[in-house]
file data.txt (compact mmCIF, C-alpha atoms (C1' of nucleotides))
# COMPACT_ATOMS: atom_id res chain seq x y z
CA MET Z 1 -12.94 40.32 1.07
CA TRP Z 2 -11.48 36.86 0.66
CA ARG Z 3 -9.18 37.41 3.60
CA ASN Z 4 -12.12 38.58 5.58
CA TYR Z 5 -13.94 35.41 4.74
CA MET Z 6 -11.03 33.27 5.78
CA ALA Z 7 -10.51 35.14 9.00
CA ALA Z 8 -14.16 34.97 9.95
CA THR Z 9 -14.78 31.34 9.17
CA ARG Z 10 -11.54 30.30 10.81
CA MET Z 11 -12.39 32.24 13.88
CA VAL Z 12 -15.80 30.66 14.18
CA GLU Z 13 -14.50 27.18 13.62
CA SER Z 14 -11.62 27.61 15.97
CA CYS Z 15 -13.76 29.00 18.76
CA LEU Z 16 -16.25 26.20 18.47
CA GLU Z 17 -13.58 23.56 18.47
CA ARG Z 18 -11.89 25.06 21.46
CA GLN Z 19 -15.03 25.53 23.48
CA LEU Z 20 -16.24 22.00 22.90
CA GLN Z 21 -12.87 20.50 23.61
CA ARG Z 22 -12.43 22.49 26.76
CA ASP Z 23 -15.91 22.03 28.22
CA SER Z 24 -16.74 18.55 27.05
CA GLY Z 25 -13.49 16.95 26.05
CA MET Z 26 -14.55 16.11 22.53
CA PRO Z 27 -13.72 17.47 19.12
CA THR Z 28 -16.57 18.84 17.01
CA THR Z 29 -16.16 15.83 14.78
CA TYR Z 30 -17.31 13.51 17.51
CA TYR Z 31 -20.07 15.85 18.47
CA GLU Z 32 -21.42 15.78 14.96
CA ILE Z 33 -21.20 12.04 14.72
CA MET Z 34 -23.16 11.73 17.92
CA VAL Z 35 -25.74 14.18 16.71
CA SER Z 36 -26.27 12.11 13.59
CA LEU Z 37 -26.60 8.95 15.63
CA SER Z 38 -28.93 10.54 18.13
CA GLU Z 39 -31.31 11.46 15.35
CA ALA Z 40 -31.36 8.03 13.80
CA PRO Z 41 -33.91 5.36 14.72
CA ASP Z 42 -32.57 3.31 17.61
CA ARG Z 43 -29.64 5.70 17.64
CA THR Z 44 -28.06 3.33 15.19
CA LEU Z 45 -26.58 3.77 11.76
CA ARG Z 46 -24.53 1.83 9.29
CA MET Z 47 -20.99 3.08 9.21
CA SER Z 48 -21.19 4.08 5.61
CA GLU Z 49 -24.51 5.85 6.08
CA LEU Z 50 -23.00 7.72 8.98
CA ALA Z 51 -19.99 8.65 6.91
CA ASP Z 52 -22.17 10.01 4.13
CA ARG Z 53 -24.33 12.09 6.43
CA SER Z 54 -21.45 13.73 8.18
CA ARG Z 55 -19.45 13.99 5.00
CA PHE Z 56 -16.51 12.20 6.52
CA SER Z 57 -14.27 9.74 4.78
CA ARG Z 58 -14.82 6.17 5.84
CA SER Z 59 -11.33 6.07 7.20
CA ARG Z 60 -11.84 9.13 9.31
CA LEU Z 61 -15.08 7.79 10.65
CA SER Z 62 -13.55 4.44 11.41
CA HIS Z 63 -10.79 6.01 13.46
CA ALA Z 64 -13.20 8.32 15.18
CA VAL Z 65 -15.63 5.60 16.11
CA ALA Z 66 -12.79 3.47 17.39
CA ARG Z 67 -11.79 6.29 19.69
CA MET Z 68 -15.34 7.01 20.75
CA GLU Z 69 -15.92 3.36 21.43
CA GLN Z 70 -13.09 3.26 23.89
CA GLU Z 71 -14.54 6.38 25.44
CA GLY Z 72 -17.75 4.42 25.93
CA TRP Z 73 -19.88 6.72 23.80
CA VAL Z 74 -20.50 4.36 20.94
CA ARG Z 75 -20.72 0.64 20.39
CA ARG Z 76 -20.24 -1.33 17.21
CA THR Z 77 -22.47 -4.22 16.28
CA GLU Z 78 -22.32 -6.37 13.23
CA CYS Z 79 -24.87 -6.39 10.49
CA PRO Z 80 -26.68 -9.68 10.04
CA SER Z 81 -27.75 -9.13 6.44
CA ASP Z 82 -24.31 -8.10 5.20
CA LYS Z 83 -21.42 -9.62 7.00
CA ARG Z 84 -19.01 -6.94 5.89
CA GLY Z 85 -21.17 -4.26 7.38
CA ALA Z 86 -21.15 -2.69 10.81
CA PHE Z 87 -23.54 -0.60 12.81
CA ALA Z 88 -22.59 2.16 15.13
CA VAL Z 89 -24.86 2.60 18.13
CA LEU Z 90 -24.91 5.57 20.44
CA THR Z 91 -24.72 4.34 24.02
CA GLU Z 92 -26.50 5.87 26.99
CA GLU Z 93 -23.23 7.42 28.10
CA GLY Z 94 -22.79 8.80 24.64
CA PHE Z 95 -26.22 10.30 24.66
CA ALA Z 96 -25.61 11.76 28.07
CA ALA Z 97 -22.30 13.25 26.98
CA LEU Z 98 -24.00 14.76 23.99
CA ALA Z 99 -26.86 16.17 26.03
CA ASP Z 100 -24.28 17.63 28.33
CA ALA Z 101 -22.25 19.21 25.58
CA ALA Z 102 -25.06 20.57 23.46
CA PRO Z 103 -26.19 23.67 25.36
CA GLY Z 104 -22.76 25.22 25.56
CA HIS Z 105 -22.06 24.48 21.96
CA VAL Z 106 -25.31 25.89 20.73
CA GLU Z 107 -24.82 28.96 22.83
CA GLN Z 108 -21.40 29.47 21.32
CA VAL Z 109 -22.80 29.25 17.83
CA ARG Z 110 -25.45 31.77 18.70
CA SER Z 111 -23.10 34.22 20.25
CA LEU Z 112 -20.55 34.03 17.48
CA LEU Z 113 -22.88 34.20 14.56
CA PHE Z 114 -26.56 34.70 15.08
CA ASP Z 115 -26.37 37.32 17.76
CA VAL Z 116 -24.13 39.61 15.78
CA LEU Z 117 -25.98 39.45 12.48
CA SER Z 118 -29.22 41.11 11.52
CA ALA Z 119 -32.17 39.01 10.44
CA ASP Z 120 -31.56 40.11 6.89
CA GLN Z 121 -27.94 39.10 7.02
CA ILE Z 122 -28.81 35.70 8.38
CA GLU Z 123 -31.20 35.21 5.53
CA GLN Z 124 -28.58 36.33 3.05
CA LEU Z 125 -25.95 34.08 4.53
CA GLY Z 126 -28.29 31.14 4.33
CA GLU Z 127 -28.91 31.86 0.69
CA ILE Z 128 -25.24 32.21 -0.04
CA CYS Z 129 -24.27 29.00 1.71
CA ALA Z 130 -26.97 27.06 -0.06
CA THR Z 131 -25.74 28.35 -3.40
CA VAL Z 132 -22.11 27.62 -2.71
CA ARG Z 133 -22.92 24.21 -1.48
CA LYS Z 134 -25.03 23.25 -4.43
CA ALA Z 135 -22.50 24.59 -6.89
CA GLY Z 136 -19.60 22.74 -5.36
CA PRO Z 137 -18.44 19.29 -6.34
CA ASP Z 138 -20.36 16.48 -4.77
CA PRO Z 139 -18.95 14.57 -3.14
CA TYR Z 140 -16.11 16.95 -2.62
CA GLY Z 141 -14.26 14.71 -0.23
CA PRO Z 142 -11.62 12.04 -0.69
CA ALA Z 143 -13.26 10.35 -3.63
CA LEU Z 144 -16.05 8.37 -2.02
CA GLY Z 145 -14.51 5.14 -0.97
CA VAL Z 146 -11.38 6.12 0.82
CA MET T 147 -29.33 27.34 7.98
CA TRP T 148 -26.57 26.53 10.42
CA ARG T 149 -26.04 23.15 8.87
CA ASN T 150 -25.92 24.82 5.51
CA TYR T 151 -23.25 27.12 6.78
CA MET T 152 -21.19 24.28 8.14
CA ALA T 153 -21.53 22.23 5.00
CA ALA T 154 -20.59 25.12 2.74
CA THR T 155 -17.60 26.38 4.68
CA ARG T 156 -16.29 22.88 5.22
CA MET T 157 -16.61 22.11 1.58
CA VAL T 158 -14.71 25.19 0.55
CA GLU T 159 -11.98 24.63 3.06
CA SER T 160 -11.65 20.99 2.27
CA CYS T 161 -11.48 21.55 -1.48
CA LEU T 162 -8.82 24.19 -1.12
CA GLU T 163 -6.74 22.07 1.17
CA ARG T 164 -6.97 19.11 -1.09
CA GLN T 165 -6.19 20.99 -4.27
CA LEU T 166 -3.16 22.67 -2.81
CA GLN T 167 -1.85 19.51 -1.26
CA ARG T 168 -2.34 17.54 -4.43
CA ASP T 169 -0.94 20.05 -6.88
CA SER T 170 1.78 21.67 -4.82
CA GLY T 171 2.43 19.35 -1.92
CA MET T 172 1.78 21.93 0.76
CA PRO T 173 -1.00 22.54 3.25
CA THR T 174 -2.83 25.85 3.08
CA THR T 175 -1.13 26.78 6.31
CA TYR T 176 2.25 26.86 4.65
CA TYR T 177 0.85 28.67 1.69
CA GLU T 178 -0.45 31.43 3.90
CA ILE T 179 2.78 31.71 5.79
CA MET T 180 4.67 32.11 2.55
CA VAL T 181 2.21 34.69 1.32
CA SER T 182 2.79 36.74 4.43
CA LEU T 183 6.52 36.47 4.05
CA SER T 184 6.42 37.29 0.36
CA GLU T 185 4.64 40.53 1.13
CA ALA T 186 7.07 41.60 3.82
CA PRO T 187 10.13 43.73 3.13
CA ASP T 188 13.08 41.49 2.31
CA ARG T 189 10.63 38.63 2.53
CA THR T 190 11.55 38.54 6.17
CA LEU T 191 9.49 38.68 9.33
CA ARG T 192 9.95 38.12 13.01
CA MET T 193 8.41 34.87 14.10
CA SER T 194 5.99 36.52 16.42
CA GLU T 195 4.97 39.09 13.84
CA LEU T 196 4.36 36.29 11.40
CA ALA T 197 2.32 34.42 13.96
CA ASP T 198 0.15 37.43 14.60
CA ARG T 199 -0.51 38.14 10.95
CA SER T 200 -1.54 34.63 10.12
CA ARG T 201 -3.35 34.23 13.41
CA PHE T 202 -1.42 31.11 14.26
CA SER T 203 -0.22 30.13 17.65
CA ARG T 204 3.51 30.53 18.12
CA SER T 205 3.79 26.83 18.62
CA ARG T 206 2.01 26.06 15.41
CA LEU T 207 4.15 28.48 13.51
CA SER T 208 7.32 27.14 15.02
CA HIS T 209 6.48 23.60 13.95
CA ALA T 210 5.43 24.77 10.52
CA VAL T 211 8.54 26.82 9.90
CA ALA T 212 10.69 23.93 11.05
CA ARG T 213 9.06 21.74 8.46
CA MET T 214 9.26 24.37 5.76
CA GLU T 215 12.88 24.96 6.54
CA GLN T 216 13.74 21.38 5.89
CA GLU T 217 11.75 21.66 2.69
CA GLY T 218 14.05 24.52 1.75
CA TRP T 219 11.30 27.11 1.51
CA VAL T 220 12.27 29.16 4.51
CA ARG T 221 15.36 29.96 6.46
CA ARG T 222 15.73 31.14 10.03
CA THR T 223 18.16 33.82 11.02
CA GLU T 224 18.76 35.24 14.43
CA CYS T 225 17.89 38.71 15.47
CA PRO T 226 20.87 40.88 16.46
CA SER T 227 18.97 43.35 18.61
CA ASP T 228 17.13 40.74 20.64
CA LYS T 229 18.97 37.51 21.09
CA ARG T 230 15.83 35.56 21.89
CA GLY T 231 14.26 36.58 18.63
CA ALA T 232 14.31 34.88 15.26
CA PHE T 233 13.54 35.93 11.74
CA ALA T 234 11.95 33.79 9.12
CA VAL T 235 13.09 34.45 5.58
CA LEU T 236 11.43 33.18 2.45
CA THR T 237 14.07 31.59 0.23
CA GLU T 238 14.15 31.71 -3.54
CA GLU T 239 12.90 28.15 -3.66
CA GLY T 240 10.12 29.12 -1.33
CA PHE T 241 9.15 32.03 -3.49
CA ALA T 242 9.24 29.84 -6.57
CA ALA T 243 7.10 27.20 -4.89
CA LEU T 244 4.63 29.88 -3.93
CA ALA T 245 4.55 31.39 -7.39
CA ASP T 246 3.94 27.94 -8.72
CA ALA T 247 1.12 27.16 -6.34
CA ALA T 248 -0.70 30.46 -6.46
CA PRO T 249 -2.55 30.34 -9.79
CA GLY T 250 -4.21 27.01 -9.13
CA HIS T 251 -5.17 28.02 -5.65
CA VAL T 252 -6.62 31.33 -6.70
CA GLU T 253 -8.53 29.68 -9.48
CA GLN T 254 -9.99 27.23 -7.01
CA VAL T 255 -11.13 30.01 -4.76
CA ARG T 256 -12.75 31.77 -7.68
CA SER T 257 -14.52 28.74 -8.95
CA LEU T 258 -15.82 27.66 -5.56
CA LEU T 259 -16.96 31.00 -4.33
CA PHE T 260 -16.81 34.03 -6.55
CA ASP T 261 -18.03 32.43 -9.72
CA VAL T 262 -21.18 31.05 -8.18
CA LEU T 263 -22.25 34.14 -6.29
CA SER T 264 -23.81 37.31 -7.63
CA ALA T 265 -22.07 40.62 -7.13
CA ASP T 266 -24.68 41.50 -4.53
CA GLN T 267 -24.08 38.31 -2.65
CA ILE T 268 -20.34 38.84 -2.62
CA GLU T 269 -20.88 42.25 -1.19
CA GLN T 270 -23.24 40.87 1.43
CA LEU T 271 -20.86 38.11 2.35
CA GLY T 272 -18.06 40.60 2.78
CA GLU T 273 -20.21 42.65 5.07
CA ILE T 274 -21.23 39.63 7.08
CA CYS T 275 -17.70 38.34 7.50
CA ALA T 276 -16.44 41.71 8.59
CA THR T 277 -19.17 41.92 11.19
CA VAL T 278 -18.60 38.45 12.53
CA ARG T 279 -14.92 38.99 12.68
CA LYS T 280 -15.13 42.25 14.53
CA ALA T 281 -17.65 40.91 16.98
CA GLY T 282 -15.63 37.83 17.81
CA PRO T 283 -13.09 37.58 20.60
CA ASP T 284 -9.70 38.92 19.74
CA PRO T 285 -7.43 37.17 19.86
CA TYR T 286 -9.65 34.16 19.64
CA GLY T 287 -6.82 31.69 19.54
CA PRO T 288 -4.91 29.86 22.24
CA ALA T 289 -4.45 32.81 24.51
CA LEU T 290 -1.68 34.77 22.85
CA GLY T 291 1.48 33.27 24.04
CA VAL T 292 0.96 29.56 23.68
C1' DG R 293 -20.49 -22.38 -9.93
C1' DA R 294 -15.76 -20.11 -10.59
C1' DG R 295 -13.44 -15.88 -11.50
C1' DT R 296 -13.61 -11.19 -11.42
C1' DT R 297 -14.80 -6.83 -9.81
C1' DA R 298 -17.04 -3.80 -6.53
C1' DT R 299 -18.30 -2.54 -1.82
C1' DG R 300 -17.97 -2.01 3.45
C1' DG R 301 -14.86 -1.29 6.57
C1' DT R 302 -10.27 -1.35 8.96
C1' DT R 303 -5.39 -0.48 9.52
C1' DG R 304 -0.73 1.88 9.74
C1' DA R 305 2.32 5.30 8.58
C1' DG R 306 3.13 10.03 8.21
C1' DA R 307 1.83 14.88 8.92
C1' DG R 308 -0.15 18.93 11.35
C1' DC R 309 -2.24 20.83 15.50
C1' DT R 310 -2.89 21.72 20.47
C1' DC R 311 -1.50 22.02 24.94
C1' DA R 312 1.60 22.44 28.55
C1' DA R 313 6.20 22.70 29.88
C1' DC R 314 10.30 24.71 29.08
C1' DC R 315 14.63 27.75 28.14
C1' DA R 316 16.62 31.84 26.99
C1' DG R 317 17.30 36.59 27.18
C1' DC R 318 15.19 41.09 28.40
C1' DA R 319 13.23 44.64 31.69
C1' DC R 320 12.04 46.38 35.85
C1' DG R 321 12.00 46.98 40.98
C1' DG R 322 14.71 47.23 44.90
C1' DC Y 323 23.76 44.99 40.51
C1' DC Y 324 20.55 40.98 41.62
C1' DG Y 325 16.28 38.77 41.79
C1' DT Y 326 11.54 38.44 39.73
C1' DG Y 327 8.69 38.29 36.28
C1' DC Y 328 7.78 38.80 30.96
C1' DT Y 329 8.40 37.80 26.41
C1' DG Y 330 10.08 35.28 22.14
C1' DG Y 331 10.47 31.07 20.74
C1' DT Y 332 11.07 25.91 20.89
C1' DT Y 333 10.03 21.19 22.22
C1' DG Y 334 7.53 16.73 23.05
C1' DA Y 335 3.60 14.07 23.88
C1' DG Y 336 -0.83 12.97 22.45
C1' DC Y 337 -4.53 13.40 19.22
C1' DT Y 338 -6.88 13.66 14.73
C1' DC Y 339 -6.71 13.47 9.80
C1' DT Y 340 -5.23 11.85 5.23
C1' DC Y 341 -3.71 8.59 2.07
C1' DA Y 342 -2.85 4.20 0.40
C1' DA Y 343 -2.95 -0.55 1.19
C1' DC Y 344 -5.53 -4.16 2.73
C1' DC Y 345 -9.14 -7.93 4.03
C1' DA Y 346 -13.50 -9.93 3.75
C1' DT Y 347 -17.82 -10.38 1.79
C1' DA Y 348 -21.18 -9.49 -1.90
C1' DA Y 349 -22.61 -9.04 -6.62
C1' DC Y 350 -21.94 -9.76 -11.44
C1' DT Y 351 -20.44 -12.38 -15.59
C1' DC Y 352 -19.68 -16.10 -18.38

call {"tool": "encode", "arguments": {"input": "data.txt", "output": "structure tokens"}}
result
Amino acid sequence: MWRNYMAATRMVESCLERQLQRDSGMPTTYYEIMVSLSEAPDRTLRMSELADRSRFSRSRLSHAVARMEQEGWVRRTECPSDKRGAFAVLTEEGFAALADAAPGHVEQVRSLLFDVLSADQIEQLGEICATVRKAGPDPYGPALGV
Amino acid sequence: MWRNYMAATRMVESCLERQLQRDSGMPTTYYEIMVSLSEAPDRTLRMSELADRSRFSRSRLSHAVARMEQEGWVRRTECPSDKRGAFAVLTEEGFAALADAAPGHVEQVRSLLFDVLSADQIEQLGEICATVRKAGPDPYGPALGV
DNA sequence: GAGTTATGGTTGAGAGCTCAACCAGCACGG
DNA sequence: CCGTGCTGGTTGAGCTCTCAACCATAACTC
């Protein structure tokens, strides 16, 4: 059962990663960051807020945003009220790239998971994931600040 | 529900990776490779066989084994019947390292997943994973030979 | 206010992964 | 046999991720 779990989750993850990389030239990480930004007011978020939402370490986010910035998808601006702080802003290009990537990605998710499961199973899986998530350590990641 | 799924599976994966790396200085990848080897007769497997079992690309496996070899956990030997071929053999040190790592890892799996779910849920999850896995592309990875 | 500690964020080195290119050795057709 | 194509496996470049160290600013304490 455990091996089944590993195999299944790995497969899903791997397929998603591959599809997104192939069709849109971005890792799922970046996709998720852009999704978070796109949902924020002004498509803008503090770096740390963004890190918390996506459950990424600050370091990881910093590297990622650096890369995305040079891709033209994101811009950094400084925070007036706290001079250490930084905002990340999703650019028009970024939004466009996201809009372009989304349908394929969503479709992949559907076809891998939702299409093959019964309504009951989807419900069950939701329940299970919620439980696991709540039971787990929080934050589970590289102790907050890293 | 989808976000729940992502959060939960990521959390599990991330915790496992971290625990293993911290306590035994190896990524889960290597752990799995060694498990496969430890279960094989003579703790020996052809590279390609090993790749198939762990669902890793040949390239990935090759890099991994190279690293593990210089860690002293694995040895390569050549195949007499097919001079292109190579065997990977789990060394005594490798076996010891695995034996050392296993309890903590297993405990982590239990505490993250099995302890928090009801027997029914575990059953359901098993069913779900089996379904997803069978429905997915096979092989899903970097088209066989890469 | 001055010194200390905490917080926001970045940086660099090291490690693993992917992808594409590659080199052997094998197998098959003529 | 000899070429042509497969198969087993390796290699190197480029990318992301982690971890630890770091800098600057903010907040707290006396």

call {"tool": "interface_residues", "arguments": {"input": "data.txt", "of": "chain T", "to": "chain Z", "cutoff": "8 Å", "atoms": "only C-alpha atoms", "output": "list in words"}}
result
Met147, Trp148, Asn150, Tyr151, Ala153, Ala154, Thr155, Met157, Ser160, Cys161, Leu258, Leu259, Val262, Leu263, Gln267, Gln270, Leu271, Gly272, Ile274, Cys275, Ala276, Thr277, Val278, Arg279, Ala281, Gly282, Tyr286 and Gly287 of chain T

call {"tool": "atom_distance", "arguments": {"input": "data.txt", "atom1": "atom C1' of R:DC311", "atom2": "atom C1' of Y:DG330"}}
result
17.8 Å

call {"tool": "closest_residue", "arguments": {"input": "data.txt", "among": "R:DA298, R:DC314, R:DC320, R:DA305", "to": "chain T", "atoms": "all atoms listed in the file"}}
result
R:DC314

call {"tool": "interface_residues", "arguments": {"input": "data.txt", "of": "chain Y", "to": "chain T", "cutoff": "12 Å", "atoms": "all atoms listed in the file", "output": "PyMOL selection string"}}
result
chain Y and resi 328-334+339-341

call {"tool": "write_last_selection", "arguments": {"input": "data.txt", "atoms": "C-alpha atoms (C1' of nucleotides)", "output": "short mmCIF file (atom, residue, chain, number, x, y, z; two decimals), keeping the file's coordinate frame"}}
result
data_model
loop_
_atom_site.label_atom_id
_atom_site.label_comp_id
_atom_site.auth_asym_id
_atom_site.auth_seq_id
_atom_site.Cartn_x
_atom_site.Cartn_y
_atom_site.Cartn_z
"C1'" DC Y 328 7.78 38.80 30.96
"C1'" DT Y 329 8.40 37.80 26.41
"C1'" DG Y 330 10.08 35.28 22.14
"C1'" DG Y 331 10.47 31.07 20.74
"C1'" DT Y 332 11.07 25.91 20.89
"C1'" DT Y 333 10.03 21.19 22.22
"C1'" DG Y 334 7.53 16.73 23.05
"C1'" DC Y 339 -6.71 13.47 9.80
"C1'" DT Y 340 -5.23 11.85 5.23
"C1'" DC Y 341 -3.71 8.59 2.07
#

call {"tool": "closest_atom_pairs", "arguments": {"input": "data.txt", "of": "chain R", "to": "chain T", "cutoff": "12 Å", "atoms": "all atoms listed in the file", "output": "tab-separated table"}}
result
residue	atom	partner	partner_atom	distance
R:DA307	C1'	T:Pro173	CA	9.9
R:DG308	C1'	T:Ala210	CA	8.1
R:DC309	C1'	T:Arg206	CA	6.7
R:DT310	C1'	T:Arg206	CA	8.3
R:DC311	C1'	T:Val292	CA	8.0
R:DA312	C1'	T:Val292	CA	8.6
R:DA313	C1'	T:Val292	CA	10.6
R:DC314	C1'	T:Val292	CA	11.8
R:DC315	C1'	T:Arg230	CA	10.1
R:DA316	C1'	T:Arg230	CA	6.4
R:DG317	C1'	T:Arg230	CA	5.6
R:DC318	C1'	T:Asp228	CA	8.0

call {"tool": "write_last_selection", "arguments": {"input": "data.txt", "atoms": "C-alpha atoms (C1' of nucleotides)", "output": "JSON list (two decimals), in the coordinates of the input"}}
result
[["chain", "number", "residue", "atom", "x", "y", "z"],
["R", 307, "DA", "C1'", 1.83, 14.88, 8.92],
["R", 308, "DG", "C1'", -0.15, 18.93, 11.35],
["R", 309, "DC", "C1'", -2.24, 20.83, 15.50],
["R", 310, "DT", "C1'", -2.89, 21.72, 20.47],
["R", 311, "DC", "C1'", -1.50, 22.02, 24.94],
["R", 312, "DA", "C1'", 1.60, 22.44, 28.55],
["R", 313, "DA", "C1'", 6.20, 22.70, 29.88],
["R", 314, "DC", "C1'", 10.30, 24.71, 29.08],
["R", 315, "DC", "C1'", 14.63, 27.75, 28.14],
["R", 316, "DA", "C1'", 16.62, 31.84, 26.99],
["R", 317, "DG", "C1'", 17.30, 36.59, 27.18],
["R", 318, "DC", "C1'", 15.19, 41.09, 28.40]]

call {"tool": "residues_around", "arguments": {"input": "data.txt", "residues": "T:Leu191", "least_positions_apart": "2", "cutoff": "7 Å", "atoms": "only C-alpha atoms (C1' of nucleotides)", "output": "ChimeraX atom specification"}}
result
/T:183,186,189,193,195-196,233-235
